[in-house]
Amino acid sequence: MKFDPNQHLHLGYYENNVDLEAVAYKIQNENKWVFFLDHEQDTTLVQKILDQYDYHEKYGYKIFTVDADDLSYEVGSKLFEEWLKANNII
């Protein structure tokens, strides 16, 4: 999987005393974005589920992929929030 060096988004959830960040990278020549949980942050809230996800040393935990040609900060943040809710983090 090779990422487009010109397309990525830094996303975050900063409500209800939660401060978590993810980064979405667009796969080169595909209409797919891969979301990674930033591994250089306090992951205490999500620690109980991290063993379900593949860890990539350079990117962190690969949490999900979406089909999209372009991805806005608003849509990406909403998708990240939905993932947090689906996993009972928030």
# chains A, B, ... in the order shown; residues from 1 in each chain; ligands from 1

call {"tool": "residues_around", "arguments": {"residues": "Gln7 (chain A)", "least_positions_apart": "3", "cutoff": "12 Å", "atoms": "only C-alpha atoms", "output": "PyMOL selection string"}}
result
chain A and resi 2-4+10+23-34+69-73

call {"tool": "select_by_dssp", "arguments": {"residues": "chain A", "states": "alpha helix (DSSP H)", "output": "list of chain:residue names"}}
result
A:Tyr73, A:Glu74, A:Val75, A:Gly76, A:Ser77, A:Lys78, A:Leu79, A:Phe80, A:Glu81, A:Glu82, A:Trp83, A:Leu84, A:Lys85, A:Ala86

call {"tool": "residues_around", "arguments": {"residues": "Glu40 (chain A)", "least_positions_apart": "3", "cutoff": "10 Å", "atoms": "only C-alpha atoms", "output": "number ranges by chain"}}
result
A: 21, 37, 43, 59-60

call {"tool": "atom_distance", "arguments": {"atom1": "CA of Ser77 (chain A)", "atom2": "CA of Leu11 (chain A)"}}
result
5.5 Å

call {"tool": "closest_residue", "arguments": {"among": "A:Tyr61, A:Tyr14, A:Phe35, A:His56", "to": "Leu79 (chain A)", "atoms": "only C-alpha atoms"}}
result
A:Phe35

call {"tool": "residues_around", "arguments": {"residues": "Ile49 (chain A)", "least_positions_apart": "3", "cutoff": "10 Å", "atoms": "only C-alpha atoms", "output": "list of chain:residue names"}}
result
A:Leu45, A:Val46, A:Gln52, A:Tyr53, A:Asn87, A:Asn88, A:Ile89

call {"tool": "write_last_selection", "arguments": {"atoms": "C-alpha atoms", "output": "short mmCIF file (atom, residue, chain, number, x, y, z; two decimals), in the first residue's frame"}}
result
data_model
loop_
_atom_site.label_atom_id
_atom_site.label_comp_id
_atom_site.auth_asym_id
_atom_site.auth_seq_id
_atom_site.Cartn_x
_atom_site.Cartn_y
_atom_site.Cartn_z
CA LEU A 45 -8.95 5.33 26.38
CA VAL A 46 -8.56 2.96 23.45
CA GLN A 52 -7.73 -5.81 17.29
CA TYR A 53 -5.89 -3.53 14.88
CA ASN A 87 -16.11 1.13 19.79
CA ASN A 88 -17.62 2.59 22.98
CA ILE A 89 -14.73 5.01 23.46
#
